[in-house]
>>> print(open('query.tsv').read())   # TSV, C-alpha atoms
chain	number	residue	atom	x	y	z
A	6	MET	CA	-26.99	55.37	27.37
A	7	MET	CA	-24.62	54.28	30.09
A	8	LYS	CA	-27.07	51.57	31.06
A	9	ILE	CA	-26.84	49.89	27.66
A	10	TYR	CA	-23.08	49.48	27.93
A	11	LEU	CA	-23.22	48.21	31.51
A	12	PHE	CA	-26.02	45.77	30.79
A	13	MET	CA	-24.27	44.56	27.65
A	14	GLY	CA	-21.18	43.82	29.72
A	15	ALA	CA	-23.27	41.92	32.26
A	16	LEU	CA	-25.12	39.97	29.57
A	17	ILE	CA	-21.95	39.00	27.75
A	18	PHE	CA	-20.47	37.92	31.08
A	19	GLY	CA	-23.57	35.82	31.74
A	20	CYS	CA	-23.29	34.15	28.35
A	21	GLY	CA	-19.68	33.35	29.17
A	22	VAL	CA	-20.64	31.84	32.52
A	23	PHE	CA	-23.33	29.70	30.91
A	24	GLY	CA	-20.98	28.55	28.20
A	25	PHE	CA	-18.26	27.72	30.69
A	26	LEU	CA	-20.62	25.67	32.83
A	27	THR	CA	-22.25	23.75	30.01
A	28	ARG	CA	-19.54	23.14	27.46
A	29	ARG	CA	-17.45	20.02	27.74
A	30	ASN	CA	-15.10	20.77	24.89
A	31	LEU	CA	-11.89	22.19	26.31
A	32	ILE	CA	-11.47	24.73	23.50
A	33	LEU	CA	-14.95	26.14	23.93
A	34	MET	CA	-14.55	26.35	27.68
A	35	PHE	CA	-11.52	28.58	27.21
A	36	LEU	CA	-13.43	30.67	24.67
A	37	SER	CA	-16.18	31.13	27.27
A	38	LEU	CA	-13.54	32.40	29.68
A	39	GLU	CA	-12.44	34.91	27.05
A	40	LEU	CA	-16.05	36.00	26.64
A	41	MET	CA	-16.30	36.68	30.38
A	42	LEU	CA	-13.11	38.75	30.27
A	43	PHE	CA	-14.49	40.69	27.32
A	44	GLY	CA	-17.69	41.57	29.17
A	45	VAL	CA	-15.69	42.79	32.15
A	46	SER	CA	-13.43	44.98	30.03
A	47	LEU	CA	-16.49	46.47	28.29
A	48	ASN	CA	-17.71	47.59	31.70
A	49	PHE	CA	-14.30	48.98	32.59
A	50	ILE	CA	-14.22	51.10	29.46
A	51	ALA	CA	-17.75	52.32	30.08
A	52	PHE	CA	-16.88	53.38	33.62
A	53	GLY	CA	-13.69	55.05	32.46
A	54	ASN	CA	-15.61	56.95	29.81
A	55	GLN	CA	-18.16	58.05	32.37
A	56	ASN	CA	-15.53	59.35	34.74
A	57	GLY	CA	-13.64	61.07	31.98
A	58	ASN	CA	-10.28	59.47	32.69
A	59	LEU	CA	-8.20	56.82	30.99
A	60	GLY	CA	-7.85	54.33	33.82
A	61	GLY	CA	-10.63	52.18	32.43
A	62	GLN	CA	-8.95	51.81	29.06
A	63	THR	CA	-5.65	51.02	30.74
A	64	PHE	CA	-7.27	48.28	32.77
A	65	ALA	CA	-9.01	46.93	29.67
A	66	ILE	CA	-5.62	46.64	28.00
A	67	LEU	CA	-4.30	44.80	31.06
A	68	ILE	CA	-7.22	42.38	30.75
A	69	LEU	CA	-6.31	41.99	27.09
A	70	THR	CA	-2.80	40.81	28.01
A	71	VAL	CA	-4.26	38.38	30.52
A	72	ALA	CA	-6.54	37.02	27.80
A	73	ALA	CA	-3.59	36.57	25.47
A	74	CYS	CA	-1.67	34.68	28.19
A	75	GLU	CA	-4.70	32.52	28.78
A	76	ALA	CA	-4.96	31.69	25.09
A	77	ALA	CA	-1.32	30.60	25.00
A	78	LEU	CA	-1.68	28.40	28.10
A	79	ALA	CA	-4.96	27.02	26.79
A	80	LEU	CA	-3.32	25.98	23.55
A	81	ALA	CA	-0.61	24.18	25.52
A	82	LEU	CA	-3.19	22.37	27.64
A	83	ILE	CA	-5.27	21.43	24.59
A	84	VAL	CA	-2.22	20.00	22.84
A	85	THR	CA	-1.24	18.06	25.96
A	86	LEU	CA	-4.70	16.60	26.48
A	87	TYR	CA	-5.15	15.69	22.84
A	88	ARG	CA	-1.72	14.10	22.63
A	89	SER	CA	-2.26	11.90	25.66
A	90	CYS	CA	-5.89	10.96	25.13
A	91	GLY	CA	-6.92	11.82	21.58
A	92	SER	CA	-9.97	13.67	22.76
A	93	LEU	CA	-10.94	17.12	23.99
A	94	ASP	CA	-13.42	16.09	26.67
A	95	VAL	CA	-12.58	17.89	29.91
A	96	ASN	CA	-13.96	15.02	31.94
A	97	ILE	CA	-10.81	13.12	31.05
A	98	TRP	CA	-8.93	15.32	33.49
A	99	GLN	CA	-10.95	13.60	36.22
A	100	SER	CA	-8.72	10.59	35.88
A	101	LEU	CA	-5.88	12.70	37.29
A	102	ARG	CA	-7.47	12.81	40.69
A	103	GLU	CA	-6.74	10.30	43.40
A	104	ARG	CA	-8.48	7.02	43.27
A	105	ASP	CA	-11.06	6.50	45.93
A	106	ASP	CA	-9.53	3.72	47.97
A	107	SER	CA	-12.24	3.47	50.60
A	108	LYS	CA	-15.10	2.16	48.53
A	109	SER	CA	-16.99	1.15	51.65
A	110	ASP	CA	-16.81	4.66	53.03
A	111	THR	CA	-20.34	5.90	52.50
A	112	GLN	CA	-19.44	9.53	53.01
A	113	SER	CA	-16.93	9.65	50.20
A	114	ALA	CA	-19.23	7.61	48.01
A	115	SER	CA	-22.06	10.06	48.50
A	116	THR	CA	-19.92	13.10	47.77
A	117	ALA	CA	-18.31	11.56	44.72
A	118	PRO	CA	-19.76	12.97	41.49
A	119	THR	CA	-21.85	10.59	39.49
A	120	ASP	CA	-20.47	9.95	36.08
A	121	ASP	CA	-22.55	10.37	32.97
A	122	SER	CA	-23.59	7.26	31.20
A	123	ASP	CA	-21.87	8.34	28.00
A	124	HIS	CA	-18.68	9.20	29.82
A	125	GLN	CA	-15.94	6.76	28.93
A	126	SER	CA	-14.56	4.95	31.90
A	127	GLU	CA	-11.38	6.26	33.40
A	128	ASP	CA	-9.49	3.07	32.74
A	129	SER	CA	-9.64	3.62	29.01
A	130	TYR	CA	-7.31	6.57	29.47
A	131	GLY	CA	-4.68	4.69	31.39
A	132	ASP	CA	-1.79	6.68	30.07
A	133	LEU	CA	-1.96	9.60	32.47
A	134	PRO	CA	0.48	9.79	35.38
A	135	LYS	CA	-0.85	8.51	38.65
A	136	LEU	CA	-0.16	9.81	42.12
A	137	THR	CA	0.54	7.65	45.11
A	138	PRO	CA	-2.64	7.56	47.18
A	139	ALA	CA	-2.48	9.74	50.24
A	140	GLY	CA	-3.13	8.42	53.71
A	141	HIS	CA	-0.87	5.36	53.61
A	142	ASP	CA	2.19	4.95	55.78
A	143	PRO	CA	4.83	4.00	53.21
A	144	LEU	CA	6.85	2.15	55.86
A	145	ARG	CA	3.98	-0.11	56.83
A	146	PHE	CA	2.53	-0.40	53.33
A	147	PRO	CA	5.46	-0.06	50.96
A	148	VAL	CA	4.57	0.97	47.46
A	149	GLN	CA	5.67	-1.60	44.93
A	150	VAL	CA	7.39	-0.16	41.93
A	151	ASP	CA	7.19	-1.69	38.50
A	152	SER	CA	10.80	-1.98	37.39
A	153	GLN	CA	9.91	-1.65	33.73
A	154	ARG	CA	7.74	1.44	33.81
A	155	HIS	CA	9.14	3.10	36.96
A	156	GLU	CA	5.77	3.80	38.44
A	157	PRO	CA	3.82	2.37	41.33
A	158	VAL	CA	1.89	-0.80	40.68
A	159	GLY	CA	-1.29	-1.99	42.26
A	160	LEU	CA	-2.89	1.41	42.26
A	161	ALA	CA	-5.04	1.02	39.20
B	28	MET	CA	-26.39	62.29	21.91
B	29	ASP	CA	-27.82	62.27	18.47
B	30	SER	CA	-30.05	59.58	17.11
B	31	PHE	CA	-27.40	58.20	14.77
B	32	GLU	CA	-25.18	57.30	17.69
B	33	LEU	CA	-28.12	55.71	19.44
B	34	ILE	CA	-28.84	53.60	16.37
B	35	LEU	CA	-25.20	52.51	16.27
B	36	ILE	CA	-25.21	51.60	19.95
B	37	VAL	CA	-28.37	49.55	19.66
B	38	ALA	CA	-27.17	47.85	16.47
B	39	PHE	CA	-23.78	46.89	17.91
B	40	SER	CA	-25.35	45.72	21.17
B	41	ALA	CA	-27.96	43.62	19.39
B	42	LEU	CA	-25.39	42.05	17.08
B	43	SER	CA	-23.05	41.32	19.97
B	44	LEU	CA	-25.79	39.81	22.08
B	45	ILE	CA	-27.17	37.67	19.26
B	46	ALA	CA	-23.71	36.37	18.49
B	47	ALA	CA	-23.10	35.65	22.18
B	48	ILE	CA	-26.30	33.65	22.37
B	49	GLY	CA	-25.23	31.86	19.21
B	50	PHE	CA	-21.92	31.09	20.88
B	51	ILE	CA	-23.58	29.21	23.69
B	52	THR	CA	-26.13	27.42	21.50
B	53	PHE	CA	-24.18	26.27	18.44
B	54	ARG	CA	-23.23	22.64	18.59
B	55	GLN	CA	-20.51	22.76	15.97
B	56	PRO	CA	-17.38	24.14	17.71
B	57	VAL	CA	-16.24	26.06	14.63
B	58	HIS	CA	-19.56	27.90	14.44
B	59	ALA	CA	-19.30	28.75	18.12
B	60	ALA	CA	-15.79	30.10	17.68
B	61	LEU	CA	-16.82	32.24	14.72
B	62	SER	CA	-19.79	33.67	16.60
B	63	PHE	CA	-17.39	34.50	19.43
B	64	ALA	CA	-15.43	36.50	16.86
B	65	VAL	CA	-18.61	38.32	15.81
B	66	THR	CA	-19.37	39.10	19.46
B	67	VAL	CA	-15.95	40.61	19.93
B	68	LEU	CA	-16.06	42.60	16.70
B	69	ALA	CA	-19.44	44.11	17.57
B	70	GLY	CA	-18.19	44.85	21.08
B	71	SER	CA	-15.23	46.66	19.57
B	72	GLY	CA	-17.75	48.90	17.86
B	73	LEU	CA	-19.09	49.71	21.32
B	74	TYR	CA	-15.52	50.53	22.37
B	75	LEU	CA	-15.26	52.98	19.48
B	76	LEU	CA	-18.49	54.64	20.55
B	77	LEU	CA	-17.04	54.95	24.07
B	78	ASP	CA	-14.07	57.01	22.77
B	79	ALA	CA	-11.64	54.14	23.20
B	80	PRO	CA	-10.14	53.66	19.71
B	81	TYR	CA	-6.89	52.11	20.92
B	82	ALA	CA	-8.68	49.52	23.05
B	83	ALA	CA	-10.99	48.76	20.12
B	84	VAL	CA	-8.15	48.16	17.69
B	85	ALA	CA	-6.16	46.14	20.22
B	86	THR	CA	-9.23	44.04	20.98
B	87	VAL	CA	-9.82	43.33	17.30
B	88	ILE	CA	-6.20	42.32	16.84
B	89	VAL	CA	-5.80	40.24	19.98
B	90	TYR	CA	-9.24	38.70	20.48
B	91	ALA	CA	-10.68	38.47	17.00
B	92	GLY	CA	-7.26	37.97	15.43
B	93	ALA	CA	-4.77	36.09	17.53
B	94	THR	CA	-7.07	34.27	19.95
B	95	ILE	CA	-9.53	33.11	17.31
B	96	ILE	CA	-6.69	31.99	15.06
B	97	ILE	CA	-5.14	30.03	17.92
B	98	PHE	CA	-8.38	28.34	18.82
B	99	LEU	CA	-9.30	27.62	15.22
B	100	PHE	CA	-5.87	26.07	14.81
B	101	ALA	CA	-6.50	23.94	17.86
B	102	LEU	CA	-9.89	22.96	16.49
B	103	MET	CA	-8.46	21.94	13.15
B	104	PHE	CA	-5.69	20.10	14.96
B	105	ALA	CA	-7.86	18.17	17.34
B	106	GLN	CA	-11.42	18.13	16.07
B	107	ARG	CA	-12.79	15.15	14.26
B	108	SER	CA	-15.14	15.72	11.37
B	109	THR	CA	-18.13	14.23	13.15
B	110	LEU	CA	-19.55	15.72	16.31
B	111	GLN	CA	-18.25	14.07	19.44
B	112	VAL	CA	-20.43	13.12	22.34
B	113	TYR	CA	-18.97	15.93	24.43
B	114	ASP	CA	-20.11	18.43	21.81
B	115	GLU	CA	-23.57	17.00	21.48
B	116	LYS	CA	-24.48	16.80	25.11
B	117	LYS	CA	-24.16	19.76	27.43
B	118	ALA	CA	-23.25	19.26	31.05
B	119	ASN	CA	-26.06	20.21	33.44
B	120	PRO	CA	-27.85	22.70	31.15
B	121	ILE	CA	-30.72	23.44	33.54
B	122	LEU	CA	-28.59	23.95	36.63
B	123	SER	CA	-26.04	25.99	34.69
B	124	GLY	CA	-28.81	28.08	33.17
B	125	ILE	CA	-30.26	28.85	36.57
B	126	ALA	CA	-26.83	29.79	37.90
B	127	ALA	CA	-25.92	31.98	34.93
B	128	ILE	CA	-29.29	33.74	34.76
B	129	SER	CA	-29.35	34.46	38.48
B	130	LEU	CA	-25.77	35.76	38.39
B	131	THR	CA	-26.59	38.00	35.43
B	132	THR	CA	-29.72	39.27	37.14
B	133	ILE	CA	-27.75	40.14	40.26
B	134	LEU	CA	-25.11	41.88	38.15
B	135	ILE	CA	-27.68	43.95	36.27
B	136	TYR	CA	-29.48	44.84	39.50
B	137	VAL	CA	-26.25	45.96	41.14
B	138	LEU	CA	-25.13	47.89	38.08
B	139	SER	CA	-28.44	49.71	37.82
B	140	THR	CA	-28.88	50.56	41.49
B	141	ALA	CA	-25.41	50.94	42.94
B	142	SER	CA	-24.21	54.46	43.57
B	143	VAL	CA	-20.87	55.98	44.44
B	144	GLY	CA	-20.90	59.27	46.32
B	145	GLY	CA	-24.65	59.67	45.92
B	146	LYS	CA	-24.43	59.31	42.14
B	147	LEU	CA	-25.83	56.32	40.31
B	148	LEU	CA	-23.22	54.27	38.50
B	149	SER	CA	-25.49	53.91	35.50
B	150	ASP	CA	-26.36	57.59	35.36
B	151	GLY	CA	-23.59	58.72	33.07
B	152	SER	CA	-24.99	60.69	30.19
B	153	SER	CA	-21.90	62.14	28.58
B	154	PRO	CA	-18.15	61.69	28.67
B	155	VAL	CA	-17.78	65.11	30.27
B	156	PRO	CA	-15.95	64.74	33.59
B	157	THR	CA	-18.19	65.23	36.55
B	158	ALA	CA	-17.21	67.07	39.69
B	159	ASP	CA	-16.37	63.97	41.70
B	160	ALA	CA	-14.62	62.22	38.85
B	161	VAL	CA	-10.91	61.63	39.20
B	162	ALA	CA	-9.07	63.35	36.39
B	163	ASP	CA	-5.76	62.05	35.16
B	164	PRO	CA	-3.04	64.44	36.29
B	165	VAL	CA	-0.93	64.07	33.18
B	166	VAL	CA	-3.72	64.65	30.68
B	167	ASP	CA	-5.05	67.96	29.52
B	168	ALA	CA	-8.67	67.69	30.63
B	169	THR	CA	-9.95	70.42	28.37
B	170	SER	CA	-9.57	68.47	25.15
B	171	ALA	CA	-11.07	65.15	24.17
B	172	PRO	CA	-8.92	62.15	25.15
B	173	ARG	CA	-6.58	60.96	22.45
B	174	VAL	CA	-4.53	57.82	21.99
B	175	ALA	CA	-1.40	59.77	22.86
B	176	ASP	CA	-2.95	60.65	26.20
B	177	LEU	CA	-3.64	56.98	26.79
B	178	GLY	CA	-0.01	56.17	26.15
B	179	ARG	CA	1.12	58.94	28.47
B	180	VAL	CA	-1.15	57.67	31.23
B	181	MET	CA	-0.10	54.06	30.71
B	182	TYR	CA	3.61	54.77	30.91
B	183	THR	CA	3.55	57.27	33.75
B	184	GLN	CA	0.64	56.73	36.06
B	185	TYR	CA	0.16	53.00	35.48
B	186	LEU	CA	3.77	52.14	34.70
B	187	TRP	CA	4.02	49.33	37.23
B	188	ALA	CA	0.79	47.75	36.05
B	189	ILE	CA	2.05	47.70	32.48
B	190	GLU	CA	5.38	46.22	33.56
B	191	LEU	CA	3.48	43.59	35.53
B	192	ALA	CA	1.47	42.76	32.41
B	193	GLY	CA	4.70	42.29	30.50
B	194	ALA	CA	6.03	39.99	33.21
B	195	ILE	CA	2.82	37.96	33.12
B	196	LEU	CA	3.16	37.58	29.36
B	197	LEU	CA	6.73	36.35	29.74
B	198	VAL	CA	5.82	33.84	32.45
B	199	ALA	CA	2.84	32.59	30.43
B	200	THR	CA	5.06	32.07	27.40
B	201	LEU	CA	7.57	30.05	29.41
B	202	GLY	CA	4.80	28.05	31.05
B	203	ALA	CA	3.12	27.28	27.75
B	204	ILE	CA	6.39	26.08	26.25
B	205	HIS	CA	7.04	23.91	29.29
B	206	ILE	CA	3.55	22.39	29.31
B	207	ALA	CA	3.35	21.69	25.60
B	208	ARG	CA	6.81	20.20	25.25
B	209	ASP	CA	6.83	16.56	24.28
B	210	ASP	CA	8.50	14.67	27.11
B	211	SER	CA	8.59	11.28	25.44
B	212	GLN	CA	12.13	11.67	24.14
B	213	ALA	CA	13.40	12.84	27.51
B	214	ASP	CA	11.64	9.91	29.16
B	215	ALA	CA	13.22	7.51	26.70
B	216	ALA	CA	16.65	8.93	27.54
B	217	VAL	CA	15.99	8.38	31.24
B	218	GLU	CA	14.81	4.85	30.60
B	219	ASN	CA	17.97	4.05	28.70
B	220	ALA	CA	20.18	5.53	31.40
B	221	LEU	CA	18.59	3.48	34.16
B	222	PRO	CA	20.00	-0.03	34.63
>>> encode(input="query.tsv", output="C-alpha cells")
Amino acid sequence: MMKIYLFMGALIFGCGVFGFLTRRNLILMFLSLELMLFGVSLNFIAFGNQNGNLGGQTFAILILTVAACEAALALALIVTLYRSCGSLDVNIWQSLRERDDSKSDTQSASTAPTDDSDHQSEDSYGDLPKLTPAGHDPLRFPVQVDSQRHEPVGLA
Amino acid sequence: MDSFELILIVAFSALSLIAAIGFITFRQPVHAALSFAVTVLAGSGLYLLLDAPYAAVATVIVYAGATIIIFLFALMFAQRSTLQVYDEKKANPILSGIAAISLTTILIYVLSTASVGGKLLSDGSSPVPTADAVADPVVDATSAPRVADLGRVMYTQYLWAIELAGAILLVATLGAIHIARDDSQADAAVENALP
C-alpha cells in the first residue's frame, strides 16, 4: 500500500514538471509549481504515516504555507506582467535581459536561444525598463540620457 | 487493510492521476485550473486515508480554495475569450516530455528500491510504529494520532519551523504588495518634481 502513495507523489510531481516545462501561460506555470509541491507533500505524509510520527504532517503544512506565499507572489507578478504588456506569455520576460551588443560574436550568437516564429518581437513590448549594458566603461563611452523620459537612449 | 480501504485508495489515486494528466493536456486555461482542483481534492482523500485529517482539510482550504480562487481571478482578469498563441502551442513538448518522464522514472526507481537502516522505504504496511521509527516525545504513542497531537508537536517540537513559516508568509505578503503596486502615479510625481 505504501508504494501506491509514494508512486502517486512521484507521478503528480512528474506531471507538474511536464506542465512547468511546456506551458507558456504564466498562470498555468505557477499552477504546475503548486502541483509539484503537492506531490512532494503527499510523499511527506506517507513517510510520516509509515514511521508513526507527526513530522511528515508538520512538514506538509510548512509546504502548504510556502504554496500560499507562492500564490500571492504569483498573483502580483501576473498583474504586473499583464499591466505592462497586456499578455500572459512568459517569453515577454525575455525582453528584460540585456541586449546582445556583440552581434558579430559567434559564441554569443550560438548560445542565444532561437526565438519561435510566432513569438512577437521584443520591440513590440518596449515599455519595460532597460538596464545599461554591462561591459562598457562609462567614462569612455558615456551613456546619453533622454531628458524627457530619464532613461538611457541609444540602447534599443 | 480491508478491501474497502484498498478500493478507496485506488479510486482516489486514479482520479488524482487522471485529473493531473488532464491538467497538462487541456488547452483552455480554465479547464486546466479546474482539473488541478480535482487533483488536489482527490489527493486530500489520500491524506485522509493516511490518518492526516488536519493536513487534508488545510489542503482543501488552501489549495483547492484560496489558490484556485486566486488563479481563477487572475484568469478572469487577464484571459481573453479566444485562445492565445501561447496557450495553443506548447514549448518544446518532446524534450520536456523526455525530461519529465525520465525524472519520474528515476524518482519511482529510487522510491521503490531505497532503504534506510536495511528497511525498504516503500515497505510500510501499517501505521504502527516500527522499531527503528522515531517516535514523537510529546505524543502518547499507544493511541492513534489525533489532531491535538499534531498541534502539540507543531508548537513544541517544531516551534521554530512554524515561526519561520509565519515569517515567510509575512515577507511574501509585503513583497506581493510591493510588486503589484502601481508605480505610475509615483513616477508622475517624480517627473513633475524634476526641472
>>> closest_residue(input="query.tsv", among="A:Leu47, A:Leu78, A:Leu26, A:Ala72", to="Gly14 (chain A)", atoms="only C-alpha atoms")
A:Leu47
>>> interface_residues(input="query.tsv", of="chain A", to="chain B", cutoff="7 Å", atoms="only C-alpha atoms", output="PyMOL selection string")
chain A and resi 6-8+11-13+15-17+19-20+22-24+26-30+32-33+51+54-59+62-63+66-67+70+73-74+76-78+80-82+84-85+87+94
>>> write_last_selection(input="query.tsv", atoms="C-alpha atoms", output="mmCIF file, keeping the file's coordinate frame")
data_model
loop_
_atom_site.group_PDB
_atom_site.id
_atom_site.type_symbol
_atom_site.label_atom_id
_atom_site.label_comp_id
_atom_site.auth_asym_id
_atom_site.auth_seq_id
_atom_site.Cartn_x
_atom_site.Cartn_y
_atom_site.Cartn_z
ATOM 1 C CA MET A 6 -26.990 55.370 27.370
ATOM 2 C CA MET A 7 -24.620 54.280 30.090
ATOM 3 C CA LYS A 8 -27.070 51.570 31.060
ATOM 4 C CA LEU A 11 -23.220 48.210 31.510
ATOM 5 C CA PHE A 12 -26.020 45.770 30.790
ATOM 6 C CA MET A 13 -24.270 44.560 27.650
ATOM 7 C CA ALA A 15 -23.270 41.920 32.260
ATOM 8 C CA LEU A 16 -25.120 39.970 29.570
ATOM 9 C CA ILE A 17 -21.950 39.000 27.750
ATOM 10 C CA GLY A 19 -23.570 35.820 31.740
ATOM 11 C CA CYS A 20 -23.290 34.150 28.350
ATOM 12 C CA VAL A 22 -20.640 31.840 32.520
ATOM 13 C CA PHE A 23 -23.330 29.700 30.910
ATOM 14 C CA GLY A 24 -20.980 28.550 28.200
ATOM 15 C CA LEU A 26 -20.620 25.670 32.830
ATOM 16 C CA THR A 27 -22.250 23.750 30.010
ATOM 17 C CA ARG A 28 -19.540 23.140 27.460
ATOM 18 C CA ARG A 29 -17.450 20.020 27.740
ATOM 19 C CA ASN A 30 -15.100 20.770 24.890
ATOM 20 C CA ILE A 32 -11.470 24.730 23.500
ATOM 21 C CA LEU A 33 -14.950 26.140 23.930
ATOM 22 C CA ALA A 51 -17.750 52.320 30.080
ATOM 23 C CA ASN A 54 -15.610 56.950 29.810
ATOM 24 C CA GLN A 55 -18.160 58.050 32.370
ATOM 25 C CA ASN A 56 -15.530 59.350 34.740
ATOM 26 C CA GLY A 57 -13.640 61.070 31.980
ATOM 27 C CA ASN A 58 -10.280 59.470 32.690
ATOM 28 C CA LEU A 59 -8.200 56.820 30.990
ATOM 29 C CA GLN A 62 -8.950 51.810 29.060
ATOM 30 C CA THR A 63 -5.650 51.020 30.740
ATOM 31 C CA ILE A 66 -5.620 46.640 28.000
ATOM 32 C CA LEU A 67 -4.300 44.800 31.060
ATOM 33 C CA THR A 70 -2.800 40.810 28.010
ATOM 34 C CA ALA A 73 -3.590 36.570 25.470
ATOM 35 C CA CYS A 74 -1.670 34.680 28.190
ATOM 36 C CA ALA A 76 -4.960 31.690 25.090
ATOM 37 C CA ALA A 77 -1.320 30.600 25.000
ATOM 38 C CA LEU A 78 -1.680 28.400 28.100
ATOM 39 C CA LEU A 80 -3.320 25.980 23.550
ATOM 40 C CA ALA A 81 -0.610 24.180 25.520
ATOM 41 C CA LEU A 82 -3.190 22.370 27.640
ATOM 42 C CA VAL A 84 -2.220 20.000 22.840
ATOM 43 C CA THR A 85 -1.240 18.060 25.960
ATOM 44 C CA TYR A 87 -5.150 15.690 22.840
ATOM 45 C CA ASP A 94 -13.420 16.090 26.670
#
>>> atom_distance(input="query.tsv", atom1="CA of Leu69 (chain A)", atom2="CA of Leu68 (chain B)")
14.3 Å
>>> atom_distance(input="query.tsv", atom1="CA of Phe25 (chain A)", atom2="CA of Met103 (chain B)")
20.9 Å
>>> atom_distance(input="query.tsv", atom1="CA of Gly44 (chain A)", atom2="CA of Phe18 (chain A)")
5.0 Å
